[in-house]
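Listing of upload-v5.pdb, PDB, C-alpha atoms and all ligand atoms
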ATOM      1  CA  MET A  27      -0.538  17.684 -19.443
ATOM      2  CA  LYS A  28      -4.168  17.000 -18.688
ATOM      3  CA  ARG A  29      -6.580  19.884 -18.448
ATOM      4  CA  LEU A  30      -7.780  20.858 -14.990
ATOM      5  CA  THR A  31     -11.374  21.993 -15.059
ATOM      6  CA  ARG A  32     -12.668  23.788 -11.999
ATOM      7  CA  LYS A  33     -16.106  24.596 -13.298
ATOM      8  CA  VAL A  34     -18.725  24.276 -10.582
ATOM      9  CA  THR A  35     -22.110  23.205 -11.809
ATOM     10  CA  LYS A  36     -25.388  23.249  -9.967
ATOM     11  CA  ARG A  37     -27.411  20.107 -10.279
ATOM     12  CA  ARG A  38     -30.956  20.291  -9.046
ATOM     13  CA  SER A  39     -31.951  16.718  -8.483
ATOM     14  CA  ARG A  40     -35.656  16.379  -8.904
ATOM     15  CA  GLY A  41     -37.285  15.127  -5.744
ATOM     16  CA  ILE A  42     -39.154  11.876  -5.927
ATOM     17  CA  ALA A  43     -42.770  11.199  -4.993
ATOM     18  CA  LYS A  44     -43.363  14.443  -3.140
ATOM     19  CA  LYS A  45     -47.021  13.511  -2.686
ATOM     20  CA  LYS A  46     -46.124  10.510  -0.563
ATOM     21  CA  HIS A  47     -44.884  12.834   2.191
ATOM     22  CA  MET A  48     -48.448  13.843   2.864
ATOM     23  CA  VAL A  49     -49.812  10.354   3.488
ATOM     24  CA  ILE A  50     -48.755   8.733   6.755
ATOM     25  CA  SER A  51     -50.273   5.337   7.432
ATOM     26  CA  LYS A  52     -50.977   3.961  10.941
ATOM     27  CA  PRO A  53     -47.931   1.604  10.941
ATOM     28  CA  GLU A  54     -45.782   4.546   9.828
ATOM     29  CA  MET A  55     -47.132   6.673  12.676
ATOM     30  CA  ALA A  56     -46.083   3.914  15.070
ATOM     31  CA  ILE A  57     -42.564   3.922  13.601
ATOM     32  CA  ALA A  58     -42.493   7.719  13.777
ATOM     33  CA  ARG A  59     -43.204   7.563  17.509
ATOM     34  CA  GLU A  60     -40.332   5.122  18.059
ATOM     35  CA  ILE A  61     -37.546   6.872  16.159
ATOM     36  CA  SER A  62     -34.969   8.973  17.973
ATOM     37  CA  PRO A  63     -35.060  12.785  17.766
ATOM     38  CA  LEU A  64     -31.820  12.624  15.772
ATOM     39  CA  VAL A  65     -33.416  10.461  13.096
ATOM     40  CA  ALA A  66     -36.781  12.275  13.012
ATOM     41  CA  LYS A  67     -35.611  14.982  10.594
ATOM     42  CA  TYR A  68     -34.369  12.390   8.113
ATOM     43  CA  TRP A  69     -37.442  10.187   8.521
ATOM     44  CA  THR A  70     -39.602  13.029   7.197
ATOM     45  CA  GLN A  71     -37.399  12.919   4.067
ATOM     46  CA  ARG A  72     -37.653   9.123   3.758
ATOM     47  CA  PHE A  73     -39.113   9.057   0.239
ATOM     48  CA  SER A  74     -36.386  11.340  -1.093
ATOM     49  CA  LEU A  75     -33.802   9.023   0.496
ATOM     50  CA  PHE A  76     -35.401   5.875  -0.939
ATOM     51  CA  SER A  77     -38.419   6.230  -3.255
ATOM     52  CA  ARG A  78     -39.280   2.572  -2.462
ATOM     53  CA  TYR A  79     -39.079   3.180   1.294
ATOM     54  CA  ASN A  80     -42.526   1.689   1.879
ATOM     55  CA  GLU A  81     -41.487  -1.658   0.373
ATOM     56  CA  GLY A  82     -39.423  -2.486   3.464
ATOM     57  CA  ILE A  83     -36.270  -0.352   3.272
ATOM     58  CA  ARG A  84     -34.258  -0.537   6.500
ATOM     59  CA  LEU A  85     -31.714   1.872   7.978
ATOM     60  CA  ASP A  86     -29.848   2.202  11.268
ATOM     61  CA  GLU A  87     -29.222   5.561  12.951
ATOM     62  CA  GLU A  88     -26.002   6.375  11.081
ATOM     63  CA  GLY A  89     -27.648   5.166   7.876
ATOM     64  CA  TRP A  90     -30.508   7.649   8.305
ATOM     65  CA  TYR A  91     -28.274  10.696   8.485
ATOM     66  CA  SER A  92     -25.641   9.499   6.013
ATOM     67  CA  VAL A  93     -27.463   7.894   3.107
ATOM     68  CA  THR A  94     -27.188   9.808  -0.160
ATOM     69  CA  PRO A  95     -30.659  11.008  -1.289
ATOM     70  CA  GLU A  96     -31.823   8.852  -4.176
ATOM     71  CA  ALA A  97     -31.983  11.625  -6.780
ATOM     72  CA  ILE A  98     -28.389  12.664  -6.005
ATOM     73  CA  ALA A  99     -27.126   9.061  -6.018
ATOM     74  CA  SER A 100     -28.872   8.582  -9.357
ATOM     75  CA  ASP A 101     -27.139  11.664 -10.838
ATOM     76  CA  GLN A 102     -23.765  10.519  -9.512
ATOM     77  CA  ALA A 103     -24.304   7.080 -11.053
ATOM     78  CA  LYS A 104     -25.062   8.577 -14.481
ATOM     79  CA  SER A 105     -21.373   9.499 -14.789
ATOM     80  CA  CYS A 106     -20.454   5.825 -15.058
ATOM     81  CA  ARG A 107     -22.327   3.142 -16.959
ATOM     82  CA  ASP A 108     -21.489  -0.542 -17.359
ATOM     83  CA  VAL A 109     -18.205  -0.384 -15.435
ATOM     84  CA  LEU A 110     -16.876  -1.817 -12.169
ATOM     85  CA  VAL A 111     -17.448   0.653  -9.327
ATOM     86  CA  ILE A 112     -15.876   0.258  -5.908
ATOM     87  CA  ASP A 113     -18.210   1.873  -3.336
ATOM     88  CA  CYS A 114     -15.593   2.271  -0.608
ATOM     89  CA  PHE A 115     -17.930   3.378   2.244
ATOM     90  CA  SER A 116     -21.198   1.831   1.123
ATOM     91  CA  GLY A 117     -23.399   2.379   4.206
ATOM     92  CA  VAL A 118     -26.989   1.225   3.747
ATOM     93  CA  GLY A 119     -26.619   1.075  -0.031
ATOM     94  CA  GLY A 120     -28.001   4.391  -1.297
ATOM     95  CA  ASN A 121     -25.217   4.773  -3.859
ATOM     96  CA  ALA A 122     -24.471   1.112  -4.573
ATOM     97  CA  ILE A 123     -28.109   0.583  -5.592
ATOM     98  CA  GLN A 124     -28.075   3.476  -8.066
ATOM     99  CA  PHE A 125     -24.724   2.417  -9.588
ATOM    100  CA  ALA A 126     -26.136  -1.089 -10.080
ATOM    101  CA  LYS A 127     -29.307   0.390 -11.605
ATOM    102  CA  SER A 128     -27.164   2.272 -14.142
ATOM    103  CA  GLY A 129     -25.655  -1.007 -15.350
ATOM    104  CA  CYS A 130     -22.474  -1.064 -13.264
ATOM    105  CA  HIS A 131     -21.176  -3.985 -11.276
ATOM    106  CA  VAL A 132     -20.480  -2.781  -7.734
ATOM    107  CA  LEU A 133     -18.116  -3.866  -4.999
ATOM    108  CA  ALA A 134     -19.741  -2.449  -1.856
ATOM    109  CA  ILE A 135     -17.420  -2.197   1.150
ATOM    110  CA  ASP A 136     -18.323  -1.195   4.689
ATOM    111  CA  VAL A 137     -16.482  -1.790   7.930
ATOM    112  CA  ASP A 138     -19.766  -2.254   9.828
ATOM    113  CA  PRO A 139     -21.327  -5.735   9.328
ATOM    114  CA  GLN A 140     -24.812  -4.387  10.153
ATOM    115  CA  LYS A 141     -24.524  -1.801   7.350
ATOM    116  CA  VAL A 142     -23.572  -4.516   4.898
ATOM    117  CA  GLU A 143     -26.631  -6.565   5.857
ATOM    118  CA  LEU A 144     -28.870  -3.503   5.517
ATOM    119  CA  SER A 145     -27.448  -2.594   2.122
ATOM    120  CA  ARG A 146     -27.861  -6.185   0.886
ATOM    121  CA  HIS A 147     -31.476  -6.143   2.087
ATOM    122  CA  ASN A 148     -32.173  -2.739   0.467
ATOM    123  CA  ALA A 149     -30.495  -3.742  -2.807
ATOM    124  CA  ASN A 150     -32.783  -6.775  -3.033
ATOM    125  CA  ILE A 151     -35.820  -4.505  -2.658
ATOM    126  CA  TYR A 152     -34.579  -2.593  -5.721
ATOM    127  CA  GLY A 153     -33.923  -5.909  -7.525
ATOM    128  CA  VAL A 154     -30.195  -5.218  -7.997
ATOM    129  CA  GLY A 155     -28.659  -7.480  -5.320
ATOM    130  CA  ASP A 156     -27.146  -9.741  -8.007
ATOM    131  CA  TYR A 157     -25.072  -6.869  -9.400
ATOM    132  CA  ILE A 158     -23.400  -6.009  -6.091
ATOM    133  CA  ASP A 159     -20.696  -7.914  -4.198
ATOM    134  CA  PHE A 160     -20.842  -7.006  -0.514
ATOM    135  CA  ILE A 161     -17.713  -6.993   1.621
ATOM    136  CA  VAL A 162     -17.332  -6.331   5.343
ATOM    137  CA  GLY A 163     -13.914  -4.743   5.687
ATOM    138  CA  ASP A 164     -11.732  -1.724   6.285
ATOM    139  CA  PHE A 165     -11.345   0.215   3.049
ATOM    140  CA  PHE A 166      -7.792   1.334   3.924
ATOM    141  CA  LEU A 167      -6.617  -2.262   4.349
ATOM    142  CA  LEU A 168      -8.411  -3.483   1.223
ATOM    143  CA  ALA A 169      -7.497  -0.622  -1.152
ATOM    144  CA  PRO A 170      -3.985  -1.869  -2.139
ATOM    145  CA  PHE A 171      -5.539  -5.123  -3.379
ATOM    146  CA  LEU A 172      -8.457  -3.646  -5.331
ATOM    147  CA  ARG A 173      -8.820  -2.696  -8.999
ATOM    148  CA  GLY A 174     -11.849  -1.045 -10.562
ATOM    149  CA  ASN A 175     -12.901   1.543 -13.132
ATOM    150  CA  VAL A 176     -14.330   4.029 -10.633
ATOM    151  CA  ALA A 177     -13.891   4.525  -6.870
ATOM    152  CA  PHE A 178     -16.829   6.184  -5.090
ATOM    153  CA  LEU A 179     -16.111   7.879  -1.754
ATOM    154  CA  SER A 180     -18.769   8.932   0.769
ATOM    155  CA  PRO A 181     -16.993   8.600   4.124
ATOM    156  CA  PRO A 182     -18.418   9.728   7.479
ATOM    157  CA  TRP A 183     -18.539  13.500   7.938
ATOM    158  CA  GLY A 184     -18.521  13.271  11.734
ATOM    159  CA  GLY A 185     -22.301  13.210  12.253
ATOM    160  CA  PRO A 186     -25.126  15.707  11.604
ATOM    161  CA  ASP A 187     -23.265  18.503  13.454
ATOM    162  CA  TYR A 188     -20.932  18.874  10.463
ATOM    163  CA  ASN A 189     -23.117  21.765   9.298
ATOM    164  CA  LYS A 190     -22.467  23.805  12.445
ATOM    165  CA  ILE A 191     -18.924  24.408  11.181
ATOM    166  CA  GLU A 192     -18.549  27.420   8.874
ATOM    167  CA  THR A 193     -15.925  25.876   6.587
ATOM    168  CA  PHE A 194     -15.516  22.117   6.637
ATOM    169  CA  THR A 195     -11.990  20.960   5.834
ATOM    170  CA  LEU A 196     -10.796  17.638   4.433
ATOM    171  CA  GLY A 197      -9.021  17.006   7.732
ATOM    172  CA  MET A 198     -12.419  16.750   9.439
ATOM    173  CA  LEU A 199     -13.543  13.694   7.467
ATOM    174  CA  LYS A 200     -13.556  10.318   9.249
ATOM    175  CA  PRO A 201     -11.980   7.896   9.927
ATOM    176  CA  GLN A 202      -8.964   9.554   8.254
ATOM    177  CA  SER A 203      -8.439  12.878   6.509
ATOM    178  CA  GLY A 204      -9.817  13.417   3.024
ATOM    179  CA  TYR A 205      -6.243  13.443   1.685
ATOM    180  CA  SER A 206      -5.567   9.957   3.114
ATOM    181  CA  ILE A 207      -8.903   8.693   1.826
ATOM    182  CA  PHE A 208      -8.179  10.086  -1.650
ATOM    183  CA  LYS A 209      -4.634   8.650  -1.713
ATOM    184  CA  ALA A 210      -6.004   5.233  -0.749
ATOM    185  CA  ALA A 211      -8.528   5.471  -3.599
ATOM    186  CA  LEU A 212      -5.762   6.434  -6.075
ATOM    187  CA  GLN A 213      -4.300   2.964  -5.501
ATOM    188  CA  ILE A 214      -7.452   1.622  -7.184
ATOM    189  CA  THR A 215      -8.038   4.129  -9.994
ATOM    190  CA  PRO A 216      -7.666   7.848 -10.851
ATOM    191  CA  ASN A 217     -11.387   7.949 -11.695
ATOM    192  CA  ILE A 218     -12.811   8.996  -8.361
ATOM    193  CA  ILE A 219     -16.149  10.437  -7.256
ATOM    194  CA  PHE A 220     -16.061  12.120  -3.836
ATOM    195  CA  PHE A 221     -19.323  13.136  -2.058
ATOM    196  CA  LEU A 222     -18.557  15.979   0.329
ATOM    197  CA  PRO A 223     -20.352  18.347   2.746
ATOM    198  CA  ARG A 224     -21.917  21.498   1.276
ATOM    199  CA  ASN A 225     -19.674  23.653   3.526
ATOM    200  CA  ILE A 226     -16.450  22.046   2.234
ATOM    201  CA  ASP A 227     -13.450  24.253   1.440
ATOM    202  CA  PHE A 228     -13.481  24.281  -2.386
ATOM    203  CA  ASN A 229      -9.753  25.111  -2.601
ATOM    204  CA  GLN A 230      -8.949  21.848  -0.873
ATOM    205  CA  ILE A 231     -10.955  19.911  -3.462
ATOM    206  CA  SER A 232      -8.674  21.176  -6.219
ATOM    207  CA  GLU A 233      -5.615  20.306  -4.131
ATOM    208  CA  LEU A 234      -6.703  16.659  -4.380
ATOM    209  CA  SER A 235      -6.367  16.697  -8.168
ATOM    210  CA  TRP A 236      -2.734  17.817  -7.728
ATOM    211  CA  LEU A 237      -1.892  14.677  -5.748
ATOM    212  CA  SER A 238      -1.527  13.022  -9.171
ATOM    213  CA  SER A 239       0.950  13.936 -11.836
ATOM    214  CA  PRO A 240      -0.226  15.188 -14.282
ATOM    215  CA  PRO A 241      -3.097  16.641 -12.218
ATOM    216  CA  LEU A 242      -6.439  14.968 -12.647
ATOM    217  CA  ASP A 243      -9.309  16.582 -14.494
ATOM    218  CA  LEU A 244     -11.847  17.861 -11.983
ATOM    219  CA  GLN A 245     -15.494  18.846 -12.118
ATOM    220  CA  VAL A 246     -17.395  19.942  -9.000
ATOM    221  CA  GLN A 247     -21.168  19.729  -8.774
ATOM    222  CA  GLU A 248     -23.536  21.148  -6.171
ATOM    223  CA  ASN A 249     -26.349  18.711  -5.361
ATOM    224  CA  HIS A 250     -29.820  20.053  -4.575
ATOM    225  CA  VAL A 251     -32.990  18.218  -3.614
ATOM    226  CA  PHE A 252     -36.250  20.202  -3.826
ATOM    227  CA  GLY A 253     -34.112  23.319  -4.254
ATOM    228  CA  LYS A 254     -32.083  22.732  -1.074
ATOM    229  CA  LEU A 255     -28.317  22.268  -1.242
ATOM    230  CA  LYS A 256     -27.505  18.857   0.285
ATOM    231  CA  GLY A 257     -23.882  18.238  -0.663
ATOM    232  CA  VAL A 258     -21.113  18.678  -3.198
ATOM    233  CA  THR A 259     -19.776  16.028  -5.554
ATOM    234  CA  ALA A 260     -16.239  16.169  -6.966
ATOM    235  CA  TYR A 261     -15.572  14.077 -10.079
ATOM    236  CA  PHE A 262     -11.919  13.310 -10.854
ATOM    237  CA  GLY A 263     -10.179  11.758 -13.852
ATOM    238  CA  SER A 264     -12.418  10.443 -16.606
ATOM    239  CA  CYS A 265     -15.493  10.941 -14.373
ATOM    240  CA  ALA A 266     -14.988  14.714 -14.759
ATOM    241  CA  SER A 267     -15.958  14.532 -18.421
ATOM    242  CA  THR A 268     -18.862  12.120 -18.020
ATOM    243  CA  CYS A 269     -20.680  13.707 -15.072
ATOM    244  CA  SER A 270     -23.859  15.617 -15.821
ATOM    245  CA  SER A 271     -23.225  19.360 -15.902
ATOM    246  CA  VAL A 272     -26.737  20.486 -16.730
ATOM    247  CA  PRO A 273     -27.552  23.524 -14.562
TER     248      PRO A 273
HETATM  249  P1  LIG B 301     -27.955  17.101   6.686
HETATM  250  O1  LIG B 301     -27.311  18.400   6.355
HETATM  251  O2  LIG B 301     -27.630  16.489   8.006
HETATM  252  O3  LIG B 301     -29.530  17.155   6.498
HETATM  253  O4  LIG B 301     -27.568  16.029   5.587
HETATM  254  P2  LIG B 301     -30.469  18.317   5.944
HETATM  255  O5  LIG B 301     -31.834  17.745   5.923
HETATM  256  O6  LIG B 301     -29.959  18.851   4.642
HETATM  257  O7  LIG B 301     -30.285  19.359   7.120
HETATM  258  P3  LIG B 301     -30.871  20.799   7.367
HETATM  259  O8  LIG B 301     -30.985  20.877   8.866
HETATM  260  O9  LIG B 301     -29.869  21.778   6.835
HETATM  261  O10 LIG B 301     -32.209  20.910   6.674
HETATM  262  C1  LIG B 301     -27.812  16.227   4.207
HETATM  263  C2  LIG B 301     -27.269  15.042   3.449
HETATM  264  O11 LIG B 301     -25.864  15.005   3.630
HETATM  265  C3  LIG B 301     -27.760  13.699   3.957
HETATM  266  O12 LIG B 301     -29.002  13.337   3.394
HETATM  267  C4  LIG B 301     -26.634  12.782   3.510
HETATM  268  O13 LIG B 301     -26.785  12.458   2.154
HETATM  269  C5  LIG B 301     -25.422  13.666   3.626
HETATM  270  N1  LIG B 301     -24.705  13.379   4.868
HETATM  271  C6  LIG B 301     -24.932  13.921   6.073
HETATM  272  N2  LIG B 301     -24.050  13.414   6.960
HETATM  273  C7  LIG B 301     -23.970  13.753   8.372
HETATM  274  C8  LIG B 301     -23.232  12.540   6.272
HETATM  275  C9  LIG B 301     -22.108  11.725   6.636
HETATM  276  O14 LIG B 301     -21.651  11.674   7.773
HETATM  277  N3  LIG B 301     -21.525  11.006   5.640
HETATM  278  C10 LIG B 301     -22.014  11.030   4.365
HETATM  279  N4  LIG B 301     -21.395  10.286   3.430
HETATM  280  N5  LIG B 301     -23.064  11.778   4.010
HETATM  281  C11 LIG B 301     -23.662  12.531   4.959
HETATM  282  N1  LIG B 302     -23.137   6.391   0.628
HETATM  283  C1  LIG B 302     -23.699   5.617   1.722
HETATM  284  C2  LIG B 302     -23.465   6.270   3.078
HETATM  285  C3  LIG B 302     -22.059   6.113   3.609
HETATM  286  S1  LIG B 302     -21.925   6.613   5.295
HETATM  287  C4  LIG B 302     -25.190   5.399   1.461
HETATM  288  O1  LIG B 302     -25.735   6.055   0.558
HETATM  289  O2  LIG B 302     -25.801   4.595   2.163
HETATM  290  C5  LIG B 302     -20.266   6.194   5.632
HETATM  291  C6  LIG B 302     -20.020   4.728   5.928
HETATM  292  O3  LIG B 302     -18.613   4.530   6.060
HETATM  293  C7  LIG B 302     -20.635   4.193   7.224
HETATM  294  O4  LIG B 302     -21.577   3.200   6.922
HETATM  295  C8  LIG B 302     -19.442   3.584   7.990
HETATM  296  O5  LIG B 302     -19.743   2.346   8.629
HETATM  297  C9  LIG B 302     -18.435   3.375   6.871
HETATM  298  N2  LIG B 302     -17.008   3.312   7.272
HETATM  299  C10 LIG B 302     -16.387   4.015   8.250
HETATM  300  N3  LIG B 302     -15.072   3.684   8.288
HETATM  301  C11 LIG B 302     -14.866   2.764   7.294
HETATM  302  C12 LIG B 302     -13.708   2.064   6.822
HETATM  303  N4  LIG B 302     -12.495   2.234   7.380
HETATM  304  N5  LIG B 302     -13.858   1.218   5.772
HETATM  305  C13 LIG B 302     -15.068   1.029   5.203
HETATM  306  N6  LIG B 302     -16.203   1.651   5.633
HETATM  307  C14 LIG B 302     -16.097   2.519   6.648
END
Take the structure in the file and write it out as structure tokens.
Ligand code: MGP
Ligand code: SAH
Amino acid sequence: MKRLTRKVTKRRSRGIAKKKHMVISKPEMAIAREISPLVAKYWTQRFSLFSRYNEGIRLDEEGWYSVTPEAIASDQAKSCRDVLVIDCFSGVGGNAIQFAKSGCHVLAIDVDPQKVELSRHNANIYGVGDYIDFIVGDFFLLAPFLRGNVAFLSPPWGGPDYNKIETFTLGMLKPQSGYSIFKAALQITPNIIFFLPRNIDFNQISELSWLSSPPLDLQVQENHVFGKLKGVTAYFGSCASTCSSVP
């Protein structure tokens, strides 16, 4: 029977280009005036979301509050090199870009055609567009037909208000529960990386590993940017042994 590891590691992702936060050009000021109050908080973090933000990175409202900060996406991508990764909820490309940068080929799926266009555009800015196949589609319908070495899951958490809940449960994930999302991913591969809210119920994460028999190896990592906890990443199957566990 495979070993189940429940060690939680803290991973402080180094922030990127902190200095750039201090310099706001005139065109940027104009953009700042136009953005919605919801997006404003994330706009101030723009260089930790995409270090090449100033080269023309584009996001829509959901993209702003959902994109994985670059340093975290880069850490997550280090657990898999030179393999085929299915990014099942690819958004504006924060993760797909980092997987491609670490030598993986990526199948980036999103149900929203605008997101797919934005992620294609952003991937080209990072020079990795050729390593990503972009698909507009519903992950749940596509999953039975997909094969890959790693499935990456960063589904919607229900918007920025997720953090008002004391304990976030897998049932609160969208558009289906975390259990359904995980089961759909198991059709592709047992090597799954799941990016989850920082207030997630940790007991439920280990329940996911028991959906397979024998239970999947599991490693859980807390993801910090500039010392602030941003999310939690659960690595299942072979990803549990390859993820970085440096405190
Ligand atoms: P946050 O907690 O909304 O922001 O999102 P912040 O700045 O930590 O809030 P503060 O008020 O506590 O300071 C933190 C990170 O979580 C974002 O940068 C995204 O990477 C991730 N995230 C947030 N949401 C709402 C989602 C989501 O719906 N889906 C996914 N996949 N990631 C999300
Ligand atoms: N990791 C991404 C953010 C993902 S946000 C990044 O770094 O950019 C979650 C995404 O899931 C949203 O873009 C949303 O359009 C997409 N989504 C929601 N339901 C989906 C479904 N059934 N199939 C595929 N994508 C879906």
6 Å shell around ligand LIG 302 (chain B) using all atoms listed in the file, listed as a PyMOL selection string: chain A and resi 92-94+114-121+135-138+141+163-166+180-182+201
Just give me the residues with any atom within 10 Å of (-33.4, 12.6, 13.5), file coordinates, counting all atoms listed in the file, written as a ChimeraX atom specification. /A:61-70,87-88,90-91,186
Surrounding residues of Phe262 in chain A excluding itself and chain neighbours under 5 positions, 7 Å, all atoms listed in the file, as a VMD selection string: chain A and resid 216 to 219 242 to 245
So that I have them on file, write out the residues from the current selection with C-alpha atoms, as an mmCIF file, in the frame of the given file.
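Okay, this is what ended up in result_32.cif:
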data_model
loop_
_atom_site.group_PDB
_atom_site.id
_atom_site.type_symbol
_atom_site.label_atom_id
_atom_site.label_comp_id
_atom_site.auth_asym_id
_atom_site.auth_seq_id
_atom_site.Cartn_x
_atom_site.Cartn_y
_atom_site.Cartn_z
ATOM 1 C CA PRO A 216 -7.666 7.848 -10.851
ATOM 2 C CA ASN A 217 -11.387 7.949 -11.695
ATOM 3 C CA ILE A 218 -12.811 8.996 -8.361
ATOM 4 C CA ILE A 219 -16.149 10.437 -7.256
ATOM 5 C CA LEU A 242 -6.439 14.968 -12.647
ATOM 6 C CA ASP A 243 -9.309 16.582 -14.494
ATOM 7 C CA LEU A 244 -11.847 17.861 -11.983
ATOM 8 C CA GLN A 245 -15.494 18.846 -12.118
#
Which residues fall under the PyMOL selection byres (((chain A and resi 112) around 9) and not hetatm) in this file, as a ChimeraX atom specification? /A:110-111,113-116,122,131-135,172-179,214
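The shortest atom-to-atom distance to ligand LIG 301 (chain B), with only C-alpha atoms and all ligand atoms taken into account, belongs to A:Gly89 out of A:Gly129, A:Pro170, A:Gly89, A:Pro240.
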Resolved residues for the PyMOL selection byres (((chain A and resi 125) around 9) and not hetatm) as JSON, numbers by chain: {"A": [99, 100, 102, 103, 104, 106, 107, 108, 111, 121, 122, 123, 124, 126, 127, 128, 129, 130, 131, 132]}
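Of the residues under consideration (A:Phe221, A:Phe160, A:Tyr205, A:Trp236), A:Phe221 shows the shortest atom-to-atom contact distance to ligand LIG 301 (chain B) when counting all atoms listed in the file.
Of the residues under consideration (A:Phe194, A:Tyr188, A:Tyr261, A:Tyr157), A:Tyr188 shows the shortest atom-to-atom contact distance to ligand LIG 301 (chain B) when counting only C-alpha atoms and all ligand atoms.
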Please provide the set of residues having any atom within 6 Å of range 72-79 of chain A, restricted to only C-alpha atoms, with same-chain residues fewer than 2 positions apart removed, written as number ranges by chain. A: 42, 69-70, 81, 83, 95-96
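Going from CA of Met198 in chain A to CA of Phe220 in chain A covers 14.5 Å.
Using all atoms listed in the file for every distance, the candidate list A:Ile226, A:Ala169, A:Ile151, A:Leu234 yields A:Ile226 as the residue closest to ligand LIG 301 (chain B).
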The PyMOL selection byres (((chain A and resi 257) around 6) and not hetatm) on the file shown: which residues, as a VMD selection string? chain A and resid 222 to 224 249 256 258
For CA of Gly263 in chain A and CA of Ser239 in chain A, determine how far apart the two atoms are, in Å to one decimal place. 11.5 Å
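Reported to one decimal place, the separation of CA of Leu212 in chain A from atom O14 of ligand LIG 301 (chain B) is 21.7 Å.
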How big is the axis-aligned box, and where does its centre sit, when it encloses all atoms of ligand LIG 301 (chain B) listed in the file and has 5 Å added on every side, reported in Å to one decimal as JSON?
{"center_x": -26.8, "center_y": 16.0, "center_z": 5.5, "size_x": 20.8, "size_y": 21.5, "size_z": 16.7}
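For Thr268 in chain A, the residues within 7 Å (counting all atoms listed in the file, excluding itself and residues fewer than 3 positions away along the chain) are Ser105, Ser264 and Cys265 of chain A.
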